[in-house]
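Shown next: entry11.csv, given as CSV, C-alpha atoms and all ligand atoms.
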chain,number,residue,atom,x,y,z
A,1,MET,CA,25.7,1.7,-34.2
A,2,SER,CA,27.1,3.7,-31.3
A,3,ILE,CA,27.3,7.5,-31.6
A,4,PRO,CA,28.9,9.8,-28.9
A,5,ASN,CA,27.5,10.3,-25.4
A,6,GLY,CA,26.2,6.8,-24.9
A,7,VAL,CA,23.5,7.3,-27.6
A,8,THR,CA,22.8,4.3,-29.7
A,9,GLU,CA,20.9,4.4,-32.9
A,10,ILE,CA,17.4,2.9,-32.3
A,11,ASP,CA,16.3,-0.1,-34.4
A,12,VAL,CA,13.1,1.5,-35.5
A,13,ALA,CA,11.9,-1.5,-37.5
A,14,ALA,CA,12.3,-3.7,-34.4
A,15,ALA,CA,10.5,-1.2,-32.2
A,16,ARG,CA,7.6,-1.0,-34.6
A,17,ALA,CA,7.4,-4.8,-34.9
A,18,ASP,CA,7.1,-4.9,-31.1
A,19,THR,CA,4.3,-2.3,-31.3
A,20,PRO,CA,1.1,-3.7,-32.8
A,21,GLY,CA,-0.6,-0.3,-33.0
A,22,CYS,CA,2.0,0.8,-35.6
A,23,ALA,CA,0.2,-1.4,-38.2
A,24,GLU,CA,-3.1,0.3,-37.5
A,25,VAL,CA,-2.6,4.0,-37.2
A,26,ILE,CA,0.0,6.8,-37.6
A,27,HIS,CA,0.2,7.6,-34.0
A,28,LEU,CA,1.4,11.1,-33.4
A,29,ASN,CA,-0.4,11.5,-30.0
A,30,ASN,CA,2.4,10.2,-27.8
A,31,ALA,CA,2.0,13.1,-25.4
A,32,GLY,CA,-1.6,12.0,-25.1
A,33,ALA,CA,-0.9,8.3,-24.6
A,34,ALA,CA,1.8,6.4,-26.5
A,35,LEU,CA,1.3,3.0,-28.1
A,36,PRO,CA,2.5,0.4,-25.6
A,37,PRO,CA,5.0,-2.2,-26.7
A,38,ARG,CA,3.9,-5.8,-26.7
A,39,PRO,CA,5.6,-6.9,-23.4
A,40,VAL,CA,3.7,-4.1,-21.6
A,41,THR,CA,0.3,-5.3,-22.8
A,42,HIS,CA,1.2,-8.9,-22.3
A,43,SER,CA,2.2,-8.4,-18.7
A,44,ILE,CA,-1.0,-6.6,-17.9
A,45,VAL,CA,-3.2,-9.2,-19.6
A,46,ARG,CA,-1.3,-12.0,-17.9
A,47,HIS,CA,-1.9,-10.5,-14.5
A,48,MET,CA,-5.6,-9.9,-15.1
A,49,GLU,CA,-5.9,-13.5,-16.1
A,50,ARG,CA,-4.1,-14.6,-13.0
A,51,GLU,CA,-6.5,-12.6,-10.9
A,52,ALA,CA,-9.5,-14.2,-12.7
A,53,HIS,CA,-8.1,-17.6,-12.1
A,54,ILE,CA,-6.8,-17.6,-8.6
A,55,GLY,CA,-8.2,-14.4,-7.0
A,56,GLY,CA,-7.0,-10.8,-6.7
A,57,TYR,CA,-5.1,-11.0,-3.4
A,58,GLU,CA,-3.6,-14.4,-4.3
A,59,ALA,CA,-2.5,-13.1,-7.7
A,60,ALA,CA,-0.8,-10.1,-6.1
A,61,GLU,CA,1.0,-12.5,-3.7
A,62,ALA,CA,2.1,-14.7,-6.6
A,63,ALA,CA,3.3,-11.6,-8.5
A,64,GLN,CA,5.0,-10.0,-5.5
A,65,GLU,CA,8.4,-9.9,-7.2
A,66,GLU,CA,7.1,-8.4,-10.4
A,67,LEU,CA,5.2,-5.8,-8.4
A,68,GLU,CA,8.2,-4.9,-6.4
A,69,SER,CA,10.4,-4.7,-9.5
A,70,THR,CA,8.4,-1.7,-10.7
A,71,TYR,CA,10.1,0.5,-8.1
A,72,PRO,CA,13.7,0.1,-9.1
A,73,ALA,CA,12.7,0.2,-12.8
A,74,VAL,CA,11.0,3.6,-12.5
A,75,ALA,CA,13.7,4.9,-10.1
A,76,SER,CA,16.4,4.1,-12.6
A,77,LEU,CA,14.6,6.0,-15.3
A,78,ILE,CA,15.1,9.3,-13.3
A,79,GLY,CA,18.3,8.6,-11.3
A,80,ALA,CA,16.4,7.9,-8.1
A,81,GLN,CA,16.5,5.2,-5.4
A,82,PRO,CA,13.6,2.7,-5.3
A,83,HIS,CA,12.5,3.8,-1.8
A,84,GLN,CA,12.0,7.3,-3.2
A,85,ILE,CA,9.2,6.2,-5.6
A,86,ALA,CA,5.5,6.1,-4.9
A,87,LEU,CA,3.2,4.5,-7.4
A,88,THR,CA,0.0,6.4,-8.1
A,89,GLU,CA,-3.0,6.2,-10.4
A,90,ASN,CA,-1.8,9.2,-12.5
A,91,ALA,CA,0.5,12.2,-12.5
A,92,THR,CA,-2.1,14.5,-11.1
A,93,ARG,CA,-2.6,12.5,-7.9
A,94,ALA,CA,1.1,12.1,-7.6
A,95,TRP,CA,1.5,15.9,-7.8
A,96,ASP,CA,-1.5,16.5,-5.5
A,97,MET,CA,0.1,14.2,-2.8
A,98,ALA,CA,3.1,16.5,-2.8
A,99,PHE,CA,1.5,19.9,-3.2
A,100,TYR,CA,-1.4,19.4,-0.7
A,101,GLY,CA,1.1,18.0,1.8
A,102,MET,CA,3.1,21.2,1.7
A,103,PRO,CA,3.0,23.2,5.0
A,104,LEU,CA,1.7,26.4,3.4
A,105,SER,CA,0.0,29.2,5.3
A,106,LYS,CA,-1.3,32.7,4.8
A,107,GLY,CA,1.1,34.9,2.9
A,108,ASP,CA,3.4,32.1,1.8
A,109,ARG,CA,4.4,32.5,-1.8
A,110,VAL,CA,4.4,29.8,-4.5
A,111,LEU,CA,6.4,30.5,-7.6
A,112,THR,CA,5.1,28.9,-10.7
A,113,CYS,CA,5.5,29.2,-14.5
A,114,GLN,CA,3.4,30.8,-17.3
A,115,SER,CA,2.9,27.4,-18.9
A,116,GLU,CA,1.7,25.7,-15.8
A,117,TYR,CA,-0.7,22.9,-16.3
A,118,ALA,CA,-4.4,23.5,-15.5
A,119,SER,CA,-4.8,20.9,-12.8
A,120,ASN,CA,-1.8,22.3,-10.9
A,121,TYR,CA,-2.9,25.9,-11.2
A,122,LEU,CA,-6.4,25.0,-10.0
A,123,ALA,CA,-4.8,23.5,-6.9
A,124,TYR,CA,-2.9,26.7,-6.3
A,125,LEU,CA,-6.1,28.6,-6.6
A,126,GLN,CA,-7.9,26.4,-4.3
A,127,VAL,CA,-5.2,26.6,-1.6
A,128,SER,CA,-5.0,30.3,-2.2
A,129,ARG,CA,-8.7,30.6,-1.5
A,130,ARG,CA,-8.6,28.3,1.5
A,131,GLN,CA,-5.3,29.3,3.1
A,132,GLY,CA,-4.4,32.6,1.6
A,133,ILE,CA,-1.2,31.6,-0.1
A,134,VAL,CA,0.1,33.9,-2.9
A,135,ILE,CA,0.6,32.6,-6.4
A,136,ASP,CA,3.4,34.3,-8.3
A,137,VAL,CA,4.0,33.5,-11.9
A,138,ILE,CA,7.6,33.7,-13.1
A,139,PRO,CA,7.6,35.5,-16.4
A,140,ASP,CA,8.9,33.7,-19.6
A,141,ASN,CA,12.2,34.8,-21.1
A,142,GLU,CA,12.5,35.8,-24.8
A,143,PHE,CA,12.5,32.1,-25.7
A,144,GLY,CA,9.3,31.3,-23.9
A,145,GLU,CA,11.0,29.4,-21.1
A,146,VAL,CA,10.8,30.1,-17.4
A,147,ASP,CA,13.1,33.2,-16.9
A,148,VAL,CA,15.6,32.0,-14.3
A,149,ASP,CA,17.0,35.5,-13.6
A,150,ALA,CA,13.5,36.8,-13.1
A,151,ALA,CA,12.8,33.9,-10.7
A,152,ARG,CA,15.9,34.8,-8.8
A,153,ARG,CA,14.7,38.4,-8.4
A,154,MET,CA,11.4,37.2,-7.1
A,155,LEU,CA,12.8,35.1,-4.3
A,156,ASP,CA,12.4,36.2,-0.7
A,157,ARG,CA,11.8,34.5,2.6
A,158,ARG,CA,8.1,34.1,2.0
A,159,VAL,CA,8.7,31.8,-1.1
A,160,LYS,CA,8.0,28.3,0.3
A,161,LEU,CA,7.7,26.5,-3.0
A,162,ILE,CA,8.9,26.6,-6.6
A,163,SER,CA,6.6,24.5,-8.7
A,164,ILE,CA,6.8,24.3,-12.4
A,165,THR,CA,6.1,22.2,-15.4
A,166,HIS,CA,9.1,20.7,-17.2
A,167,VAL,CA,7.5,20.2,-20.6
A,168,PRO,CA,4.2,22.1,-21.0
A,169,THR,CA,1.1,20.5,-22.4
A,170,SER,CA,0.8,23.2,-25.0
A,171,GLY,CA,4.2,23.3,-26.6
A,172,GLY,CA,7.5,21.6,-27.4
A,173,LEU,CA,9.7,23.6,-25.1
A,174,VAL,CA,11.7,22.1,-22.2
A,175,ASN,CA,11.9,24.4,-19.1
A,176,PRO,CA,15.3,24.9,-17.4
A,177,ALA,CA,14.6,22.4,-14.5
A,178,GLU,CA,18.1,22.2,-13.2
A,179,ALA,CA,18.7,26.0,-13.0
A,180,LEU,CA,15.5,26.4,-11.0
A,181,GLY,CA,16.6,23.5,-8.8
A,182,LYS,CA,19.7,25.4,-8.0
A,183,LEU,CA,17.7,28.5,-7.1
A,184,ALA,CA,15.4,26.5,-4.9
A,185,ARG,CA,18.3,25.1,-3.0
A,186,GLU,CA,19.8,28.6,-2.6
A,187,ALA,CA,16.4,29.9,-1.3
A,188,GLY,CA,15.9,26.9,0.9
A,189,CYS,CA,12.4,26.3,-0.4
A,190,TYR,CA,10.8,23.2,-1.7
A,191,TYR,CA,10.9,22.4,-5.4
A,192,LEU,CA,8.1,20.4,-7.2
A,193,LEU,CA,8.6,19.4,-10.8
A,194,ASP,CA,5.8,18.3,-13.0
A,195,ALA,CA,7.6,16.0,-15.4
A,196,CYS,CA,4.5,14.3,-16.8
A,197,GLN,CA,5.4,15.1,-20.4
A,198,SER,CA,9.2,14.7,-20.1
A,199,VAL,CA,9.8,11.3,-18.4
A,200,GLY,CA,10.5,8.7,-21.1
A,201,GLN,CA,11.6,11.2,-23.7
A,202,VAL,CA,14.0,13.7,-21.9
A,203,PRO,CA,16.9,12.3,-19.9
A,204,ILE,CA,16.2,13.1,-16.3
A,205,ASP,CA,18.4,12.9,-13.2
A,206,VAL,CA,16.6,14.0,-10.1
A,207,LYS,CA,19.9,14.5,-8.3
A,208,ALA,CA,21.1,17.0,-10.9
A,209,ILE,CA,17.8,18.7,-11.0
A,210,GLY,CA,17.7,18.9,-7.2
A,211,CYS,CA,13.9,18.6,-6.9
A,212,ASP,CA,12.1,17.5,-3.7
A,213,PHE,CA,9.3,16.0,-5.7
A,214,LEU,CA,8.8,15.0,-9.3
A,215,SER,CA,5.5,13.7,-10.7
A,216,ALA,CA,4.9,11.8,-13.9
A,217,THR,CA,2.4,9.6,-15.7
A,218,GLY,CA,2.8,6.2,-17.2
A,219,ARG,CA,0.9,6.4,-20.4
A,220,LYS,CA,2.8,9.2,-22.2
A,221,PHE,CA,6.4,8.9,-23.2
A,222,MET,CA,7.0,5.9,-20.9
A,223,ARG,CA,4.6,3.9,-23.1
A,224,GLY,CA,3.0,2.4,-20.0
A,225,PRO,CA,-0.7,1.8,-19.4
A,226,ARG,CA,-3.3,4.4,-18.7
A,227,GLY,CA,-4.2,5.0,-15.1
A,228,THR,CA,-0.6,4.8,-13.8
A,229,GLY,CA,1.7,7.4,-12.5
A,230,PHE,CA,4.4,8.0,-9.9
A,231,LEU,CA,5.9,10.4,-7.5
A,232,TYR,CA,9.5,10.8,-6.7
A,233,ALA,CA,10.2,12.2,-3.3
A,234,SER,CA,13.7,13.1,-2.1
A,235,ASP,CA,14.9,11.9,1.3
A,236,ARG,CA,14.4,15.3,2.7
A,237,ALA,CA,10.8,15.4,1.3
A,238,ILE,CA,10.1,12.0,2.7
A,239,ALA,CA,11.3,13.0,6.1
A,240,GLU,CA,9.6,16.4,6.2
A,241,ILE,CA,6.3,16.2,4.2
A,242,GLU,CA,3.3,14.3,5.4
A,243,PRO,CA,0.8,13.2,2.8
A,244,PRO,CA,-2.5,15.1,2.8
A,245,PHE,CA,-4.3,11.9,3.5
A,246,ILE,CA,-3.2,8.5,4.7
A,247,ASP,CA,-4.6,5.0,4.9
A,248,GLY,CA,-3.6,1.7,6.3
A,249,HIS,CA,-0.8,1.3,3.6
A,250,ALA,CA,0.7,4.7,4.1
A,251,ALA,CA,0.6,4.4,7.9
A,252,THR,CA,0.1,1.9,10.7
A,253,TRP,CA,-2.5,2.3,13.4
A,254,THR,CA,-0.3,1.4,16.3
A,255,SER,CA,-2.7,2.1,19.2
A,256,ARG,CA,-6.1,3.5,19.7
A,257,ALA,CA,-5.0,7.1,19.4
A,258,GLU,CA,-1.7,6.7,17.5
A,259,TYR,CA,-0.3,5.9,14.1
A,260,VAL,CA,3.1,5.8,12.5
A,261,ILE,CA,3.6,7.0,8.9
A,262,ARG,CA,5.9,5.0,6.6
A,263,THR,CA,9.4,6.2,6.2
A,264,ASP,CA,9.7,5.7,2.5
A,265,ALA,CA,7.9,7.4,-0.5
A,266,ARG,CA,5.1,4.8,-0.3
A,267,ARG,CA,3.6,7.1,2.4
A,268,PHE,CA,2.2,8.9,-0.6
A,269,GLU,CA,0.5,5.8,-2.0
A,270,ASN,CA,-2.8,4.3,-1.2
A,271,TRP,CA,-3.6,0.7,-0.5
A,272,GLU,CA,-6.0,-0.4,-3.2
A,273,THR,CA,-4.5,-0.3,-6.7
A,274,ASN,CA,-4.5,-1.9,-10.1
A,275,CYS,CA,-1.8,-4.5,-9.8
A,276,ALA,CA,-1.8,-5.4,-13.4
A,277,THR,CA,-1.1,-1.9,-14.6
A,278,ARG,CA,1.5,-1.4,-11.9
A,279,ILE,CA,3.3,-4.5,-13.3
A,280,GLY,CA,2.8,-3.0,-16.8
A,281,LEU,CA,4.4,0.3,-15.7
A,282,GLY,CA,7.5,-1.6,-14.5
A,283,VAL,CA,7.8,-3.4,-17.8
A,284,ALA,CA,7.4,-0.1,-19.6
A,285,ALA,CA,10.1,1.5,-17.5
A,286,ARG,CA,12.5,-1.4,-18.1
A,287,TYR,CA,11.7,-1.2,-21.8
A,288,ALA,CA,12.6,2.5,-22.0
A,289,ASN,CA,15.7,1.9,-19.9
A,290,THR,CA,16.8,-0.9,-22.4
A,291,ILE,CA,16.4,1.3,-25.4
A,292,GLY,CA,18.0,4.2,-23.4
A,293,VAL,CA,16.4,7.6,-22.8
A,294,PRO,CA,19.4,9.5,-24.3
A,295,SER,CA,18.9,7.5,-27.6
A,296,ILE,CA,15.1,8.1,-27.4
A,297,TRP,CA,15.8,11.8,-26.7
A,298,GLN,CA,18.0,12.1,-29.8
A,299,ARG,CA,15.5,10.5,-32.1
A,300,VAL,CA,12.4,12.3,-30.9
A,301,ARG,CA,14.2,15.6,-31.2
A,302,SER,CA,15.3,15.0,-34.7
A,303,LEU,CA,11.9,13.7,-35.8
A,304,ALA,CA,10.2,16.7,-34.3
A,305,ALA,CA,12.7,19.2,-35.7
A,306,ARG,CA,12.1,17.7,-39.2
A,307,LEU,CA,8.4,17.9,-38.7
A,308,ARG,CA,8.5,21.5,-37.5
A,309,GLU,CA,10.5,22.5,-40.5
A,310,SER,CA,8.2,20.8,-43.0
A,311,LEU,CA,5.1,22.2,-41.4
A,312,SER,CA,6.5,25.7,-41.4
A,313,SER,CA,7.0,25.6,-45.1
A,314,ILE,CA,3.3,25.2,-45.8
A,315,PRO,CA,1.6,28.6,-46.4
A,316,GLY,CA,-0.9,29.4,-43.7
A,317,VAL,CA,0.6,27.0,-41.1
A,318,SER,CA,2.2,28.5,-38.1
A,319,VAL,CA,4.3,26.3,-35.8
A,320,CYS,CA,3.8,27.6,-32.3
A,321,ASP,CA,6.7,25.9,-30.3
A,322,ARG,CA,9.1,28.0,-28.4
A,323,GLY,CA,12.1,27.2,-26.3
A,324,GLN,CA,15.8,26.9,-26.9
A,325,VAL,CA,15.6,23.2,-26.2
A,326,LYS,CA,12.6,21.6,-28.0
A,327,CYS,CA,11.3,18.1,-27.5
A,328,GLY,CA,9.1,15.6,-29.3
A,329,ILE,CA,6.0,17.8,-29.1
A,330,VAL,CA,5.1,19.9,-32.1
A,331,THR,CA,2.2,22.4,-31.9
A,332,PHE,CA,0.8,24.3,-34.8
A,333,ASN,CA,-2.2,26.1,-36.2
A,334,CYS,CA,-3.7,26.3,-39.7
A,335,LYS,CA,-5.0,29.7,-40.8
A,336,ASP,CA,-8.8,29.9,-40.7
A,337,ARG,CA,-9.1,26.3,-39.9
A,338,PRO,CA,-10.1,25.4,-36.3
A,339,ALA,CA,-7.7,23.0,-34.6
A,340,ALA,CA,-10.6,20.6,-33.7
A,341,LYS,CA,-11.5,20.3,-37.4
A,342,ILE,CA,-7.9,19.6,-38.4
A,343,LYS,CA,-7.7,16.9,-35.8
A,344,ALA,CA,-11.0,15.3,-36.9
A,345,HIS,CA,-9.8,15.4,-40.5
A,346,LEU,CA,-6.5,13.7,-39.6
A,347,SER,CA,-8.3,11.1,-37.6
A,348,GLN,CA,-10.3,10.1,-40.7
A,349,LEU,CA,-6.9,9.5,-42.4
A,350,LYS,CA,-5.9,7.4,-39.3
A,351,ILE,CA,-3.4,10.0,-38.2
A,352,ASN,CA,-3.7,10.5,-34.5
A,353,CYS,CA,-3.0,14.0,-33.2
A,354,SER,CA,-4.6,16.0,-30.4
A,355,THR,CA,-5.7,19.5,-29.8
A,356,ILE,CA,-4.9,21.6,-26.7
A,357,GLU,CA,-7.4,24.3,-25.7
A,358,ALA,CA,-6.5,27.4,-23.9
A,359,SER,CA,-8.0,26.2,-20.6
A,360,TRP,CA,-5.2,23.7,-20.2
A,361,THR,CA,-2.5,26.3,-19.9
A,362,ARG,CA,-4.5,29.4,-19.5
A,363,ILE,CA,-1.7,31.9,-18.8
A,364,ASP,CA,0.5,30.7,-21.6
A,365,MET,CA,-2.1,30.4,-24.3
A,366,ASP,CA,-4.0,33.6,-23.4
A,367,GLY,CA,-0.6,35.4,-23.4
A,368,ARG,CA,0.2,34.1,-26.9
A,369,GLY,CA,-3.4,34.9,-28.1
A,370,LEU,CA,-4.1,31.2,-28.8
A,371,THR,CA,-7.4,29.6,-28.3
A,372,ALA,CA,-6.3,26.2,-29.4
A,373,VAL,CA,-3.4,24.4,-31.1
A,374,VAL,CA,-3.0,21.1,-32.9
A,375,ARG,CA,-0.5,18.9,-31.2
A,376,ALA,CA,1.5,16.2,-33.0
A,377,SER,CA,3.8,14.4,-30.6
A,378,VAL,CA,6.4,11.9,-32.0
A,379,HIS,CA,8.0,9.0,-30.3
A,380,TYR,CA,11.1,6.9,-31.3
A,381,TYR,CA,9.0,4.3,-33.1
A,382,ASN,CA,7.5,6.9,-35.5
A,383,THR,CA,9.1,7.1,-38.9
A,384,GLU,CA,9.9,10.0,-41.2
A,385,GLY,CA,7.4,8.5,-43.5
A,386,GLU,CA,4.7,9.0,-40.9
A,387,THR,CA,5.5,12.6,-40.1
A,388,ASP,CA,5.6,13.2,-43.9
A,389,ALA,CA,2.1,11.7,-44.2
A,390,LEU,CA,1.0,14.3,-41.6
A,391,VAL,CA,2.7,17.1,-43.6
A,392,GLU,CA,1.1,15.9,-46.8
A,393,ALA,CA,-2.4,15.8,-45.1
A,394,ILE,CA,-1.9,19.4,-43.8
A,395,HIS,CA,-0.7,20.6,-47.2
A,396,ALA,CA,-3.8,19.1,-48.8
A,397,ILE,CA,-6.1,20.8,-46.3
A,398,MET,CA,-4.4,24.1,-46.8
A,399,THR,CA,-4.5,24.0,-50.6
A,400,ALA,CA,-8.0,22.5,-50.9
B,1,LIG,C1,2.1,19.0,-18.0
B,1,LIG,C2,1.1,18.0,-17.5
B,1,LIG,N1,1.0,17.7,-16.2
B,1,LIG,C3,0.1,16.8,-15.7
B,1,LIG,C4,-0.7,16.1,-16.5
B,1,LIG,C5,-1.7,15.2,-15.9
B,1,LIG,O1,-1.4,13.9,-16.1
B,1,LIG,P1,-2.4,12.7,-15.6
B,1,LIG,O2,-3.5,12.8,-16.6
B,1,LIG,O3,-1.6,11.5,-15.7
B,1,LIG,O4,-2.9,13.1,-14.3
B,1,LIG,C6,-0.6,16.3,-17.9
B,1,LIG,C7,-1.5,15.6,-18.8
B,1,LIG,O5,-1.6,15.9,-20.0
B,1,LIG,C8,0.3,17.3,-18.4
B,1,LIG,O6,0.4,17.5,-19.7

Take the structure in this file and express it as structure tokens.
Amino acid sequence: MSIPNGVTEIDVAAARADTPGCAEVIHLNNAGAALPPRPVTHSIVRHMEREAHIGGYEAAEAAQEELESTYPAVASLIGAQPHQIALTENATRAWDMAFYGMPLSKGDRVLTCQSEYASNYLAYLQVSRRQGIVIDVIPDNEFGEVDVDAARRMLDRRVKLISITHVPTSGGLVNPAEALGKLAREAGCYYLLDACQSVGQVPIDVKAIGCDFLSATGRKFMRGPRGTGFLYASDRAIAEIEPPFIDGHAATWTSRAEYVIRTDARRFENWETNCATRIGLGVAARYANTIGVPSIWQRVRSLAARLRESLSSIPGVSVCDRGQVKCGIVTFNCKDRPAAKIKAHLSQLKINCSTIEASWTRIDMDGRGLTAVVRASVHYYNTEGETDALVEAIHAIMTA
């Protein structure tokens, strides 16, 4: 059935039949790592077997086309060109390759957000200690999103980078990535977007966002394998930014004292890699493209909204998500019950959720007075019955 805006109703039963894990668990930890669909797992196992039978290098040669096909598949998920994609071992390394490659020096300012992810903020702190850059945190607006007007007021010639998280690890909000892209262009500074938690659930067009770099992981809403990620680099970023470290894949040693760096985004990659999971990432990207991210977006939002509403009606449960636009991530706390205990109890019922501690988004969580939250993250293959099971379990805990 086709509904407006190119959104198609997802055949949830078929999606579940293609996802063996659905028969085993109620998986509401998609922001941790989603259950992969069958073709993803098969492609990985098939390549591992190929390696075992004919040798790793020979298997890669035989699978050259499949390996190459991951680039256009990932690119089309975010409106990019294949030459703008670097495949990495996770989102953090993708992000690092962009951030640590930035030409930042003493007194340069980096604008980031309150809900910035720990690993990113740690990198700011390290570069601040080493090179004397200034980290400036853009305040949240009344909805908990990055305040674009405040960001505009913070701009000056010393701002060299705007670097924010699209969907935080600690809540269901979606930050206004496009509006910040516009600001970055006006200011003439670089713009790095951590889209680790949004790719695969939120429709993304890097051209509309106007970012120089975007980093993401394979295992979350893309439903790819663990240990995969990618970096998008705009043509300007490819031309201007050198990776912080290079190898014989990123560059060619042309004479004793000289080398030439690649002219595509693969300059941010390294040579040795897991070919099987790279193939799996490509399969996952094509799978998501076939279902259609706008359709996925519609379904995760509606499942999550329903879940938030039901959880809020349980006495003692507080839903913590903020933001005008909310995604498939639902965070909550249960009065007088530690988040870790709730997660452990749910896990006994074969309901997978996760907990997020303050150290993962220190500024955001400290600011809200939260030490931890329970995080239930839905994907399109989840059912209303599954989220109801979570609500029932929480209800039982709260009335015990
Ligand atoms: C917002 C955000 N950025 C980055 C990461 C890191 O991703 P990876 O573990 O693939 O490096 C995460 C992981 O949870 C995240 O939530």

For ligand LIG 1 (chain B), collect every residue having any atom at a distance of at most 6 Å from a ligand atom (counting all atoms listed in the file); output as an mmCIF file with C-alpha atoms, in the coordinates of the input.
data_model
loop_
_atom_site.group_PDB
_atom_site.id
_atom_site.type_symbol
_atom_site.label_atom_id
_atom_site.label_comp_id
_atom_site.auth_asym_id
_atom_site.auth_seq_id
_atom_site.Cartn_x
_atom_site.Cartn_y
_atom_site.Cartn_z
ATOM 1 C CA ASN A 90 -1.800 9.200 -12.500
ATOM 2 C CA ALA A 91 0.500 12.200 -12.500
ATOM 3 C CA THR A 92 -2.100 14.500 -11.100
ATOM 4 C CA TYR A 117 -0.700 22.900 -16.300
ATOM 5 C CA THR A 165 6.100 22.200 -15.400
ATOM 6 C CA PRO A 168 4.200 22.100 -21.000
ATOM 7 C CA THR A 169 1.100 20.500 -22.400
ATOM 8 C CA ASP A 194 5.800 18.300 -13.000
ATOM 9 C CA CYS A 196 4.500 14.300 -16.800
ATOM 10 C CA GLN A 197 5.400 15.100 -20.400
ATOM 11 C CA THR A 217 2.400 9.600 -15.700
#

Open item on the list: Restricting the calculation to only C-alpha atoms: of A:Thr387, A:Cys353, A:Glu89, A:Gly107, which residue gets closest to A:Asn30?
Closed with: A:Cys353

Task: Residue nearest A:Ser170 - candidates A:Ser318, A:Asn29, A:Ser115, A:Asn120, atoms counted: only C-alpha atoms - done: A:Ser115

TODO: Excluding A:Arg362 and residues on its chain fewer than 2 positions from it, collect all residues at most 12 Å away from it, counting only C-alpha atoms, and give them as a ChimeraX atom specification.
DONE: /A:113-122,168-170,356-360,364-372

Open item on the list: So, with all atoms listed in the file as the atoms that count, which of A:Ala177, A:Cys334, A:Ile291, A:Ala52 lies closest to A:Val7?
Closed with: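 Using all atoms listed in the file, A:Val7 sits closest to A:Ile291.
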
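Using all atoms listed in the file, the nearest neighbour of A:Glu178 within the list A:Asp156, A:Asp205, A:Asp18, A:Glu240 is A:Asp205.
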
- [ ] For each of A:Leu67, A:Ala195, A:Leu104, A:Leu173, take the minimum atom-to-atom distance to A:Ile44, counting only C-alpha atoms, then give the residue where this is smallest.
- [x] A:Leu67

TODO: Would you work out the distance separating atom CA of A:Ala80 from atom CA of A:Lys207, expressed in Å to one decimal?
DONE: 7.5 Å

TODO: Rounded to one decimal place, report the atom CA of A:Val373-atom CA of A:Leu193 distance in Å.
DONE: 24.1 Å

TODO: Find, counting all atoms listed in the file, the residue in A:Ala344, A:Ala23, A:Ala285, A:Val378 that gets nearest to A:Arg301.
DONE: A:Val378

Open item on the list: At a cut-off of 10 Å, using all atoms listed in the file, what residues contact A:Val134? Leave out same-chain residues fewer than 2 positions from it and give the result as a PyMOL selection string.
Closed with: chain A and resi 104-111+124-125+127-129+131-132+136-137+158-159

Output C-alpha atoms of each residue in that selection to a file, as a PDB file, in the frame of the given file.
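again25.pdb written:
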ATOM      1  CA  LEU A 104       1.700  26.400   3.400  1.00  0.00           C
ATOM      2  CA  SER A 105       0.000  29.200   5.300  1.00  0.00           C
ATOM      3  CA  LYS A 106      -1.300  32.700   4.800  1.00  0.00           C
ATOM      4  CA  GLY A 107       1.100  34.900   2.900  1.00  0.00           C
ATOM      5  CA  ASP A 108       3.400  32.100   1.800  1.00  0.00           C
ATOM      6  CA  ARG A 109       4.400  32.500  -1.800  1.00  0.00           C
ATOM      7  CA  VAL A 110       4.400  29.800  -4.500  1.00  0.00           C
ATOM      8  CA  LEU A 111       6.400  30.500  -7.600  1.00  0.00           C
ATOM      9  CA  TYR A 124      -2.900  26.700  -6.300  1.00  0.00           C
ATOM     10  CA  LEU A 125      -6.100  28.600  -6.600  1.00  0.00           C
ATOM     11  CA  VAL A 127      -5.200  26.600  -1.600  1.00  0.00           C
ATOM     12  CA  SER A 128      -5.000  30.300  -2.200  1.00  0.00           C
ATOM     13  CA  ARG A 129      -8.700  30.600  -1.500  1.00  0.00           C
ATOM     14  CA  GLN A 131      -5.300  29.300   3.100  1.00  0.00           C
ATOM     15  CA  GLY A 132      -4.400  32.600   1.600  1.00  0.00           C
ATOM     16  CA  ASP A 136       3.400  34.300  -8.300  1.00  0.00           C
ATOM     17  CA  VAL A 137       4.000  33.500 -11.900  1.00  0.00           C
ATOM     18  CA  ARG A 158       8.100  34.100   2.000  1.00  0.00           C
ATOM     19  CA  VAL A 159       8.700  31.800  -1.100  1.00  0.00           C
TER      20      VAL A 159
END

Task: Pairwise distance for atom CA of A:Arg16 and atom CA of A:Gly385, rounded to one decimal in Å - done: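 Between these atoms lies a distance of 13.0 Å.
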
Protein, DNA and RNA residues within 8 Å of (0.4, -3.3, -2.3), all atoms listed in the file, as a compact mmCIF listing (two decimals) with C-alpha atoms, keeping the file's coordinate frame:
# COMPACT_ATOMS: atom_id res chain seq x y z
CA ALA A 60 -0.80 -10.10 -6.10
CA HIS A 249 -0.80 1.30 3.60
CA TRP A 271 -3.60 0.70 -0.50
CA GLU A 272 -6.00 -0.40 -3.20
CA THR A 273 -4.50 -0.30 -6.70
CA CYS A 275 -1.80 -4.50 -9.80

TODO: Just the residues within 12 Å of A:Arg152, please, counting all atoms listed in the file, with nothing from its chain fewer than 4 positions along; format it as a ChimeraX atom specification.
DONE: /A:111,138-139,146-148,156,159,162,179-187

TODO: Can you pull out every residue within 8 Å of A:Ala340, counting all atoms listed in the file, but drop anything in the same chain fewer than 3 positions away, and send it as a PyMOL selection string?
DONE: chain A and resi 343-344+355+374

TODO: Within 6 Å of (18.8, 10.6, -14.1) (coordinates as in the file), grab all the protein and nucleic acid residues, counting all atoms listed in the file, and write them out as a list in words.
DONE: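 Here is the list of nearby residues: Ile78, Gly79, Ile204, Asp205 and Val206 of chain A.
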